[in-house]
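Engineer: Input target.cif, format and content: mmCIF, C-alpha atoms and all ligand atoms.
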```
data_protein
#
loop_
_atom_site.label_atom_id
_atom_site.label_comp_id
_atom_site.auth_asym_id
_atom_site.auth_seq_id
_atom_site.Cartn_x
_atom_site.Cartn_y
_atom_site.Cartn_z
CA MET A 1 -39.59 17.63 43.87
CA LYS A 2 -38.35 15.43 41.09
CA LEU A 3 -35.89 17.06 38.74
CA GLU A 4 -35.91 16.07 35.11
CA LEU A 5 -32.86 14.11 34.02
CA HIS A 6 -31.44 16.78 31.74
CA TRP A 7 -31.45 19.29 34.59
CA LYS A 8 -29.63 16.80 36.78
CA ILE A 9 -27.08 16.33 34.00
CA PHE A 10 -26.71 20.06 33.63
CA ILE A 11 -26.08 20.42 37.36
CA GLY A 12 -23.61 17.51 37.16
CA LEU A 13 -21.80 19.38 34.42
CA ILE A 14 -21.46 22.53 36.51
CA VAL A 15 -20.47 20.69 39.68
CA GLY A 16 -17.90 18.71 37.68
CA PHE A 17 -16.50 21.89 36.21
CA LEU A 18 -16.16 23.54 39.63
CA PHE A 19 -14.63 20.42 41.15
CA GLY A 20 -12.04 20.09 38.39
CA PHE A 21 -11.24 23.77 38.46
CA PHE A 22 -10.86 24.26 42.21
CA LEU A 23 -9.75 20.82 43.34
CA PRO A 24 -7.81 19.47 40.35
CA GLU A 25 -5.57 17.28 42.48
CA HIS A 26 -8.53 15.50 44.07
CA VAL A 27 -10.37 14.37 40.95
CA SER A 28 -9.16 10.82 41.40
CA TYR A 29 -11.79 10.48 44.15
CA ILE A 30 -14.61 10.84 41.65
CA ALA A 31 -12.96 9.80 38.37
CA TRP A 32 -14.14 6.20 38.83
CA MET A 33 -17.76 7.28 38.34
CA GLY A 34 -16.96 8.52 34.85
CA ASP A 35 -15.08 5.31 34.04
CA LEU A 36 -17.96 3.15 35.23
CA PHE A 37 -20.48 5.16 33.23
CA LEU A 38 -18.44 5.01 30.02
CA LYS A 39 -17.81 1.29 30.47
CA ALA A 40 -21.52 0.66 30.94
CA LEU A 41 -22.34 2.61 27.77
CA LYS A 42 -19.70 0.79 25.76
CA MET A 43 -20.98 -2.51 27.10
CA ILE A 44 -24.34 -1.79 25.50
CA ILE A 45 -23.10 -0.72 22.06
CA VAL A 46 -22.50 -4.11 20.36
CA PRO A 47 -25.77 -5.80 21.39
CA LEU A 48 -27.62 -2.58 20.67
CA LEU A 49 -26.18 -2.27 17.16
CA LEU A 50 -26.88 -5.91 16.31
CA THR A 51 -30.40 -6.15 17.65
CA SER A 52 -31.61 -2.71 16.62
CA ILE A 53 -30.35 -2.84 13.06
CA ILE A 54 -31.50 -6.40 12.37
CA SER A 55 -34.96 -5.75 13.81
CA GLY A 56 -35.17 -2.37 12.08
CA ILE A 57 -34.39 -3.90 8.71
CA MET A 58 -36.78 -6.78 9.23
CA ASN A 59 -39.46 -4.21 10.03
CA ILE A 60 -38.83 -2.38 6.78
CA GLY A 61 -39.31 -5.74 5.14
CA ASN A 62 -38.92 -5.12 1.44
CA PRO A 63 -35.58 -4.37 -0.24
CA GLU A 64 -37.03 -1.41 -2.22
CA GLY A 65 -38.10 0.31 0.99
CA LEU A 66 -34.65 -0.24 2.41
CA GLY A 67 -32.93 1.05 -0.72
CA ARG A 68 -35.06 4.17 -0.76
CA MET A 69 -34.40 4.91 2.89
CA GLY A 70 -30.71 4.11 2.44
CA ILE A 71 -30.31 6.57 -0.41
CA ARG A 72 -32.16 9.32 1.46
CA THR A 73 -30.11 8.73 4.58
CA ILE A 74 -26.76 8.84 2.76
CA THR A 75 -27.88 11.96 0.88
CA TYR A 76 -28.73 13.62 4.19
CA TYR A 77 -25.39 12.61 5.75
CA ILE A 78 -23.32 13.93 2.88
CA SER A 79 -25.21 17.13 2.24
CA THR A 80 -25.31 18.24 5.87
CA SER A 81 -21.62 17.47 6.31
CA LEU A 82 -20.82 19.54 3.22
CA LEU A 83 -22.99 22.41 4.50
CA ALA A 84 -21.08 22.28 7.78
CA ILE A 85 -17.71 22.30 6.04
CA VAL A 86 -18.65 25.26 3.85
CA THR A 87 -19.77 27.19 6.94
CA GLY A 88 -16.41 26.50 8.57
CA LEU A 89 -14.50 27.42 5.43
CA PHE A 90 -16.35 30.70 5.13
CA LEU A 91 -15.70 31.72 8.74
CA VAL A 92 -12.05 30.70 8.76
CA ASN A 93 -11.47 32.77 5.63
CA MET A 94 -13.27 35.73 7.19
CA ILE A 95 -11.72 35.64 10.66
CA ARG A 96 -8.30 34.32 9.60
CA PRO A 97 -7.38 33.16 13.12
CA GLY A 98 -3.98 31.74 12.14
CA VAL A 99 -2.57 34.81 10.44
CA GLY A 100 0.16 36.36 12.56
CA ALA A 101 -0.62 34.02 15.45
CA ASP A 102 2.18 33.55 17.94
CA LEU A 103 2.15 29.79 18.19
CA LYS A 104 4.37 27.23 19.77
CA PHE A 105 4.21 23.52 19.31
CA SER A 106 2.79 21.44 22.10
CA GLN A 107 3.81 17.88 21.37
CA THR A 108 3.75 15.51 18.48
CA VAL A 109 0.68 13.37 18.11
CA GLU A 110 0.86 9.62 18.11
CA GLY A 111 -1.01 7.68 15.51
CA LEU A 112 -0.93 10.31 12.78
CA ALA A 113 1.03 8.22 10.31
CA VAL A 114 -1.17 5.24 11.01
CA ALA A 115 -4.26 7.13 9.94
CA THR A 116 -2.83 8.01 6.54
CA GLU A 117 -1.76 4.46 5.84
CA SER A 118 -4.93 2.78 6.93
CA PHE A 119 -7.41 5.12 5.29
CA GLY A 120 -7.32 3.36 1.93
CA SER A 121 -7.93 -0.02 3.45
CA THR A 122 -10.80 1.22 5.62
CA LEU A 123 -13.29 0.40 2.88
CA ILE A 124 -11.99 -3.13 2.45
CA ASN A 125 -12.01 -3.63 6.19
CA ILE A 126 -15.74 -3.05 6.33
CA ILE A 127 -16.10 -6.75 5.61
CA PRO A 128 -14.83 -8.55 8.70
CA GLU A 129 -12.79 -11.68 8.33
CA ASN A 130 -14.14 -12.91 11.59
CA ILE A 131 -17.47 -11.79 12.98
CA VAL A 132 -16.58 -12.49 16.58
CA ARG A 133 -13.33 -10.55 16.33
CA ALA A 134 -15.18 -7.56 14.89
CA MET A 135 -17.47 -7.61 17.89
CA VAL A 136 -14.64 -8.12 20.36
CA ASN A 137 -12.76 -5.17 18.90
CA GLY A 138 -15.90 -3.06 18.66
CA GLU A 139 -15.44 -2.41 14.94
CA MET A 140 -18.63 -0.44 14.46
CA ILE A 141 -18.78 -0.32 10.67
CA SER A 142 -18.19 -4.06 10.37
CA ILE A 143 -20.86 -4.78 12.95
CA ILE A 144 -23.28 -2.54 11.06
CA PHE A 145 -22.40 -4.41 7.86
CA ILE A 146 -23.04 -7.83 9.44
CA SER A 147 -26.31 -6.61 10.90
CA ILE A 148 -27.61 -5.16 7.63
CA LEU A 149 -26.69 -8.34 5.80
CA SER A 150 -28.34 -10.55 8.43
CA GLY A 151 -31.47 -8.39 8.51
CA LEU A 152 -31.75 -8.50 4.73
CA PHE A 153 -31.41 -12.24 4.44
CA ALA A 154 -33.54 -12.97 7.48
CA THR A 155 -36.49 -11.51 5.58
CA LYS A 156 -35.90 -14.10 2.87
CA LEU A 157 -36.18 -17.09 5.20
CA ASP A 158 -39.12 -19.45 5.40
CA GLU A 159 -41.93 -18.01 7.47
CA LYS A 160 -41.35 -20.30 10.46
CA TYR A 161 -37.62 -19.47 10.74
CA LYS A 162 -38.18 -15.83 10.01
CA ASN A 163 -40.61 -15.53 12.90
CA VAL A 164 -38.19 -17.17 15.31
CA ILE A 165 -35.45 -14.74 14.38
CA GLN A 166 -37.70 -11.71 14.34
CA ASN A 167 -39.13 -12.48 17.80
CA GLY A 168 -35.75 -13.42 19.24
CA ILE A 169 -34.01 -10.31 17.94
CA GLN A 170 -36.89 -8.07 18.94
CA ALA A 171 -36.75 -9.54 22.45
CA GLY A 172 -32.99 -8.94 22.54
CA PHE A 173 -33.55 -5.35 21.49
CA GLU A 174 -36.16 -4.75 24.17
CA LEU A 175 -33.81 -6.23 26.74
CA THR A 176 -30.92 -4.01 25.61
CA MET A 177 -33.15 -0.97 25.84
CA LYS A 178 -34.16 -1.87 29.38
CA VAL A 179 -30.50 -2.07 30.39
CA THR A 180 -29.89 1.22 28.56
CA GLN A 181 -32.63 2.95 30.51
CA TRP A 182 -31.12 1.76 33.75
CA VAL A 183 -27.66 3.06 32.78
CA ILE A 184 -29.15 6.38 31.66
CA GLY A 185 -30.34 6.90 35.22
CA PHE A 186 -26.70 7.41 36.24
CA THR A 187 -25.82 9.88 33.50
CA HIS A 188 -25.48 12.92 35.77
CA TRP A 189 -22.94 11.18 37.99
CA GLY A 190 -20.91 10.03 35.01
CA VAL A 191 -21.02 13.44 33.37
CA MET A 192 -19.92 15.18 36.55
CA ALA A 193 -16.86 12.96 36.91
CA ILE A 194 -15.87 13.10 33.24
CA ILE A 195 -16.04 16.89 33.16
CA ALA A 196 -14.09 17.18 36.41
CA VAL A 197 -11.28 15.07 34.92
CA VAL A 198 -11.17 17.05 31.66
CA VAL A 199 -11.13 20.39 33.45
CA SER A 200 -8.50 19.31 35.97
CA LYS A 201 -6.22 18.10 33.15
CA THR A 202 -6.57 21.41 31.33
CA VAL A 203 -5.90 23.33 34.54
CA GLN A 204 -2.85 21.25 35.39
CA GLU A 205 -1.34 21.27 31.90
CA GLY A 206 -1.01 25.00 31.67
CA SER A 207 -2.66 28.27 32.28
CA ILE A 208 -6.02 28.51 30.54
CA THR A 209 -5.57 32.22 29.93
CA ASP A 210 -2.29 31.56 28.16
CA LEU A 211 -3.96 28.93 25.98
CA PHE A 212 -6.77 31.29 25.23
CA GLN A 213 -4.48 34.12 24.26
CA ARG A 214 -2.68 31.97 21.73
CA LEU A 215 -5.58 29.91 20.43
CA GLY A 216 -8.61 31.94 21.42
CA LEU A 217 -9.45 33.23 17.99
CA TYR A 218 -9.12 29.75 16.54
CA MET A 219 -11.46 28.35 19.20
CA ILE A 220 -13.94 31.14 18.59
CA THR A 221 -13.90 30.42 14.85
CA VAL A 222 -14.58 26.70 15.37
CA ILE A 223 -17.29 27.25 17.98
CA ALA A 224 -19.01 30.04 16.01
CA ALA A 225 -19.12 27.92 12.86
CA LEU A 226 -20.45 24.93 14.82
CA ALA A 227 -23.09 27.17 16.39
CA ILE A 228 -24.26 28.44 13.01
CA HIS A 229 -24.60 24.88 11.77
CA ALA A 230 -26.35 23.60 14.90
CA PHE A 231 -28.64 26.55 15.59
CA ILE A 232 -29.39 27.84 12.10
CA THR A 233 -28.72 25.35 9.31
CA LEU A 234 -30.02 22.15 10.94
CA PRO A 235 -33.09 23.81 12.53
CA LEU A 236 -33.97 25.25 9.11
CA LEU A 237 -33.92 21.71 7.70
CA LEU A 238 -36.11 20.56 10.59
CA LYS A 239 -38.55 23.38 10.03
CA PHE A 240 -38.85 23.41 6.28
CA ILE A 241 -38.08 19.85 5.25
CA ALA A 242 -39.24 17.81 8.24
CA ARG A 243 -41.88 20.36 9.27
CA VAL A 244 -41.40 19.95 13.00
CA ARG A 245 -40.52 22.48 15.69
CA PRO A 246 -36.75 22.57 16.11
CA ILE A 247 -36.95 23.69 19.77
CA ARG A 248 -39.10 20.71 20.67
CA HIS A 249 -36.67 18.33 19.05
CA PHE A 250 -33.74 19.99 20.76
CA HIS A 251 -35.52 19.62 24.07
CA ALA A 252 -36.30 15.97 23.38
CA MET A 253 -32.63 15.32 22.65
CA SER A 254 -31.18 17.22 25.62
CA THR A 255 -29.90 14.16 27.47
CA PRO A 256 -27.92 12.69 24.55
CA LEU A 257 -26.63 16.13 23.58
CA LEU A 258 -25.32 16.89 27.06
CA THR A 259 -23.79 13.42 27.20
CA ALA A 260 -22.13 13.87 23.82
CA PHE A 261 -20.72 17.15 25.08
CA SER A 262 -19.14 15.63 28.16
CA THR A 263 -18.02 12.26 26.80
CA ALA A 264 -16.85 13.58 23.40
CA SER A 265 -17.86 10.23 21.95
CA SER A 266 -20.70 9.70 19.48
CA SER A 267 -20.47 5.93 19.92
CA ALA A 268 -20.84 6.07 23.68
CA THR A 269 -23.79 8.44 23.24
CA LEU A 270 -25.59 6.14 20.78
CA PRO A 271 -27.63 4.18 23.36
CA LEU A 272 -28.90 7.46 24.82
CA SER A 273 -29.78 9.01 21.47
CA MET A 274 -31.68 5.90 20.41
CA GLU A 275 -33.63 5.87 23.63
CA ALA A 276 -34.46 9.57 23.43
CA MET A 277 -35.36 9.33 19.75
CA GLU A 278 -37.95 6.62 20.33
CA HIS A 279 -39.35 7.74 23.66
CA ASN A 280 -39.08 11.53 23.62
CA ALA A 281 -39.34 12.29 19.92
CA GLY A 282 -41.59 9.38 19.00
CA VAL A 283 -39.65 8.34 15.89
CA SER A 284 -40.21 4.70 14.93
CA ASN A 285 -37.69 1.99 15.70
CA LYS A 286 -37.52 1.29 11.97
CA VAL A 287 -36.01 4.71 11.23
CA THR A 288 -34.10 5.19 14.49
CA SER A 289 -32.27 1.92 14.22
CA PHE A 290 -31.28 2.65 10.64
CA VAL A 291 -30.28 6.31 10.78
CA LEU A 292 -28.65 6.66 14.21
CA PRO A 293 -26.18 3.74 14.36
CA MET A 294 -24.81 4.47 10.90
CA GLY A 295 -24.84 8.18 11.59
CA SER A 296 -22.79 7.77 14.73
CA THR A 297 -19.85 6.50 12.72
CA ILE A 298 -20.40 8.03 9.28
CA ASN A 299 -22.23 11.30 9.73
CA MET A 300 -20.06 13.74 11.65
CA ASP A 301 -20.91 17.30 10.67
CA GLY A 302 -19.02 18.80 13.58
CA THR A 303 -15.89 16.80 12.87
CA ALA A 304 -16.06 17.60 9.14
CA LEU A 305 -16.30 21.32 9.88
CA TYR A 306 -13.49 21.04 12.39
CA GLU A 307 -11.14 19.25 9.96
CA CYS A 308 -11.58 22.05 7.46
CA VAL A 309 -11.15 24.93 9.92
CA ALA A 310 -8.14 23.28 11.57
CA ALA A 311 -6.40 22.63 8.24
CA MET A 312 -6.97 26.19 7.10
CA PHE A 313 -5.75 27.49 10.45
CA ILE A 314 -2.56 25.45 10.21
CA ALA A 315 -1.98 26.74 6.67
CA GLN A 316 -2.47 30.32 7.84
CA ALA A 317 -0.13 29.80 10.79
CA TYR A 318 2.59 28.52 8.46
CA GLY A 319 2.00 31.46 6.15
CA ILE A 320 0.85 29.21 3.31
CA GLU A 321 -1.90 30.62 1.08
CA LEU A 322 -4.09 27.81 -0.22
CA THR A 323 -5.47 28.28 -3.72
CA ILE A 324 -9.17 27.85 -4.42
CA ALA A 325 -8.46 24.44 -5.93
CA GLN A 326 -6.58 23.43 -2.78
CA GLN A 327 -9.44 24.66 -0.64
CA VAL A 328 -11.82 22.49 -2.63
CA ILE A 329 -9.52 19.55 -1.87
CA VAL A 330 -9.65 20.51 1.81
CA VAL A 331 -13.46 20.44 1.64
CA PHE A 332 -13.63 16.96 0.17
CA THR A 333 -10.88 15.42 2.25
CA SER A 334 -12.50 16.89 5.37
CA LEU A 335 -15.65 15.04 4.38
CA LEU A 336 -13.70 11.81 3.93
CA ALA A 337 -11.85 12.29 7.19
CA SER A 338 -15.11 12.80 9.06
CA ILE A 339 -16.58 9.65 7.53
CA GLY A 340 -13.47 7.68 8.49
CA ALA A 341 -13.21 9.07 12.02
CA ALA A 342 -14.35 6.73 14.77
CA GLY A 343 -16.90 7.98 17.28
CA ILE A 344 -14.37 8.23 20.09
CA PRO A 345 -12.64 11.20 21.75
CA MET A 346 -10.05 12.96 19.62
CA ALA A 347 -10.52 10.68 16.61
CA GLY A 348 -10.88 13.81 14.49
CA LEU A 349 -7.43 15.00 15.47
CA VAL A 350 -5.85 11.78 14.23
CA MET A 351 -7.76 12.04 10.94
CA MET A 352 -6.27 15.49 10.34
CA SER A 353 -3.39 13.73 8.63
CA VAL A 354 -5.70 12.86 5.73
CA VAL A 355 -6.51 16.50 5.06
CA LEU A 356 -3.02 17.87 5.70
CA THR A 357 -1.37 15.29 3.46
CA ALA A 358 -3.81 15.95 0.63
CA VAL A 359 -2.79 19.59 0.32
CA GLY A 360 0.85 19.14 1.30
CA LEU A 361 0.73 20.81 4.72
CA PRO A 362 3.19 19.59 7.36
CA LEU A 363 1.77 16.90 9.63
CA GLU A 364 3.48 18.49 12.65
CA GLY A 365 0.98 21.31 12.27
CA VAL A 366 -1.37 19.20 14.37
CA GLY A 367 0.89 20.00 17.33
CA LEU A 368 -0.35 23.59 17.14
CA ILE A 369 -3.94 22.73 17.92
CA LEU A 370 -3.43 19.78 20.22
CA ALA A 371 -3.77 21.72 23.47
CA VAL A 372 -7.37 22.72 22.84
CA ASP A 373 -8.50 19.66 20.92
CA ARG A 374 -10.30 17.91 23.77
CA ILE A 375 -12.28 21.06 24.54
CA LEU A 376 -13.30 21.59 20.92
CA ASP A 377 -14.04 17.87 20.68
CA MET A 378 -16.91 18.35 23.14
CA PHE A 379 -18.53 20.94 20.89
CA ARG A 380 -18.01 19.08 17.64
CA THR A 381 -19.26 15.77 19.09
CA SER A 382 -22.48 17.45 20.23
CA VAL A 383 -22.97 18.74 16.70
CA ASN A 384 -22.24 15.26 15.31
CA VAL A 385 -24.96 13.76 17.49
CA TRP A 386 -27.39 16.63 16.84
CA SER A 387 -27.06 16.13 13.10
CA ASP A 388 -27.80 12.41 13.43
CA CYS A 389 -30.85 13.22 15.54
CA CYS A 390 -32.12 15.78 13.01
CA GLY A 391 -31.46 13.25 10.25
CA ALA A 392 -33.65 10.65 11.92
CA VAL A 393 -36.53 13.14 11.99
CA VAL A 394 -36.02 14.21 8.38
CA ILE A 395 -36.00 10.58 7.23
CA ALA A 396 -38.97 9.68 9.44
CA ARG A 397 -40.96 12.46 7.79
CA SER A 398 -39.95 11.34 4.33
CA GLU A 399 -41.35 7.94 5.33
CA LYS A 400 -44.61 9.76 6.19
CA GLU A 401 -44.37 9.22 9.95
CA LYS A 402 -46.52 11.30 12.23
CA LEU A 403 -44.55 12.96 15.01
CA PRO A 404 -47.07 14.64 17.31
CA LYS A 405 -44.49 15.17 20.04
CA LEU A 406 -42.43 17.43 17.78
CA GLU A 407 -45.12 19.33 15.97
N1 LIG A 501 -15.13 12.75 19.18
C1 LIG A 501 -15.84 12.78 17.96
C2 LIG A 501 -17.04 11.87 18.02
O1 LIG A 501 -17.04 10.89 18.72
C3 LIG A 501 -14.97 12.45 16.79
C4 LIG A 501 -13.92 13.50 16.68
O2 LIG A 501 -12.88 13.40 17.34
O3 LIG A 501 -14.12 14.48 15.96
O4 LIG A 501 -18.02 12.12 17.38
#
```
What does the file become when written as structure tokens?
Structural biologist:
Amino acid sequence: MKLELHWKIFIGLIVGFLFGFFLPEHVSYIAWMGDLFLKALKMIIVPLLLTSIISGIMNIGNPEGLGRMGIRTITYYISTSLLAIVTGLFLVNMIRPGVGADLKFSQTVEGLAVATESFGSTLINIIPENIVRAMVNGEMISIIFISILSGLFATKLDEKYKNVIQNGIQAGFELTMKVTQWVIGFTHWGVMAIIAVVVSKTVQEGSITDLFQRLGLYMITVIAALAIHAFITLPLLLKFIARVRPIRHFHAMSTPLLTAFSTASSSATLPLSMEAMEHNAGVSNKVTSFVLPMGSTINMDGTALYECVAAMFIAQAYGIELTIAQQVIVVFTSLLASIGAAGIPMAGLVMMSVVLTAVGLPLEGVGLILAVDRILDMFRTSVNVWSDCCGAVVIARSEKEKLPKLE
């Protein structure tokens, strides 16, 4: 019997959990599998971004088409992130998990100050000084910028040059996808090892029950709000705006979603979501290569929601009542923080400084939520990826694509 990949991944997840829980001191025997898998995924990201975006844009062809799709995509990113934040804000005000909580500080977080300083210059840094350096350092937004620019101008070349570039880039894209498919075949092994390491760290760092007693209500608030966004809000958009069956799409995206959950990295998940989007959902390369790469760094609904809930929780724990105006600031800075956060594990925690500083909450407050951040990161990253995947379908429909696999 041949098991489908997402079942294998699911089993890998459970085995990894049991391994990390019962044999925490032995995880080093399998940790290498997770490292190999993550390295292989990261290896694919730069060529995938370059080739998919340039070929996608050349396929769109005309600048008006690109502009129209660009505006729709950005509108989708911003509105779903705001919906997510408002859901989080509503629940955190209802449940009030921080009020009267008996909290102690874990540790201070490195890199907090850096995030506040560099946020302003993030926009300027989109333009790389040196293309090769941007690729070497894996600066996603800069690579996206170079690719969009190259794609745009490639369409303006003389026919004979344009064809060379289009064929060459398309060939590069096909090649990258072949390598991606090969790496995807190992997902269950990678997932098993990554989960085992995360669980063993949590087990070794302190008693889970103790953590849950102190931060349980906070975790429940975050997870419940994420669930509402993922299982109600986004499916409603799929059903009524994209007119596809949400369950089918969810099923088609199961491999990237499970991978996002275990790796807690949208960037590392990108190759898998692109593959699933084209092969399982049947969305065109034109839309996939435009919506998903940008979404993986810009559109983070889960992170946006998390920033808001965490900031409100910290305020409640310090006994600070935030006014409505301050809460509005929290909403908008959470959006900014989620746009600025990189698609790597715990990036959202570092970006908390943006939100906390904006409303004058103490930066050390982050120490309160540190202990459970990696666990919540798994949930919010899955929502980040799910929102990108729903976005691709919404945009594909607005471009009048037929999606028989999802109907
Ligand atoms: N880990 C998240 C992601 O890659 C970002 C975050 O920390 O919220 O999407």
Engineer: Identify which of the residues A:Ala371, A:Val359, A:Val385, A:Met274 lies closest to Ala325 of chain A, counting all atoms listed in the file when measuring atom-to-atom distances.
Structural biologist: A:Val359
Engineer: Which residues are near segment 172-182 of chain A? Cut-off 9 Å, all atoms listed in the file, ignore same chain within fewer than 5 positions. Put them as a VMD selection string.
Structural biologist: chain A and resid 40 to 41 44 47 to 48 50 to 52 55 167 271 to 272 274 to 275
Engineer: Around ligand LIG 501 (chain A), at most 6 Å away and counting all atoms listed in the file, which residues are there? Put them as a ChimeraX atom specification, please.
Structural biologist: /A:264-266,303,343-349,377,381,384
Engineer: Report the centre and edge lengths, in Å to one decimal, of an axis-aligned box enclosing every atom of segment 60-78 of chain A listed in the file, padded by 4 Å on each side, as JSON.
Structural biologist:
```
{"center_x": -31.3, "center_y": 4.1, "center_z": 2.3, "size_x": 24.0, "size_y": 27.7, "size_z": 17.0}
```
Engineer: Would you pick out the contacts of segment 277-282 of chain A at 10 Å or less, using only C-alpha atoms, so that residues sharing its chain but fewer than 5 positions from it are not included, and give the list as a count of residues only?
Structural biologist: 26
Engineer: Determine, for each residue of segment 325-355 of chain A having at least one atom at most 10 Å from an atom of segment 70-84 of chain A, the closest pair of atoms and their separation in Å to one decimal, counting all atoms listed in the file; order by chain and ascending number, as a Markdown table.
Structural biologist:
```
| residue | atom | partner | partner_atom | distance |
| --- | --- | --- | --- | --- |
| A:Val331 | CA | A:Leu82 | CA | 7.6 |
| A:Phe332 | CA | A:Leu82 | CA | 8.2 |
| A:Ser334 | CA | A:Leu82 | CA | 9.0 |
| A:Leu335 | CA | A:Ser81 | CA | 6.7 |
| A:Leu336 | CA | A:Ile78 | CA | 9.9 |
| A:Ser338 | CA | A:Ser81 | CA | 8.5 |
| A:Ile339 | CA | A:Ile78 | CA | 9.2 |
```
Engineer: For Val86 of chain A, which residue out of A:Phe17, A:Tyr318, A:Tyr306, A:Phe231 is the nearest one, using only C-alpha atoms?
Structural biologist: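 So, comparing all the options, the nearest one is A:Tyr306.
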Engineer: Quick one: distance from atom CA of Ser273 of chain A to atom CA of Leu236 of chain A in Å, one decimal?
Structural biologist: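 These two atoms are separated by 20.8 Å.
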Engineer: May I ask which of the residues A:Gly319, A:Ile169, A:Thr187, A:His229 is the closest one to Leu91 of chain A, counting only C-alpha atoms?
Structural biologist: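 Selected residue with least distance to Leu91 of chain A: A:His229.
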Engineer: Write out as a list in words each polymer residue whose atoms come within 10 Å of Leu237 of chain A, counting all atoms listed in the file; drop sequence neighbours fewer than 2 positions from it.
Structural biologist: Thr80, Ile232, Thr233, Leu234, Pro235, Lys239, Phe240, Ile241, Ala242, Arg243, Val244, Pro246, Cys390, Gly391, Val393 and Val394 of chain A
Engineer: Using all atoms listed in the file, can you tell me which of A:Lys286, A:Ile127, A:Gly12, A:Ile141 comes closest to Asn59 of chain A?
Structural biologist: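 Residue with the minimum atom-to-atom distance to Asn59 of chain A: A:Lys286.
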Engineer: I'd like the neighbourhood of Ile220 of chain A as a PyMOL selection string, where a residue qualifies if any of its atoms comes within 12 Å (using only C-alpha atoms), though same-chain residues fewer than 4 positions away should be ignored.
Structural biologist: chain A and resi 88+91-92+95-98+212-216+224-227+306+309+372+375-376+379
Engineer: Taking only C-alpha atoms into account, name the residue in A:Gly365, A:Gly190, A:Pro293, A:Gly340 that is nearest to Asp388 of chain A.
Structural biologist: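 Checking each candidate against Asp388 of chain A, we get A:Pro293 as the closest.
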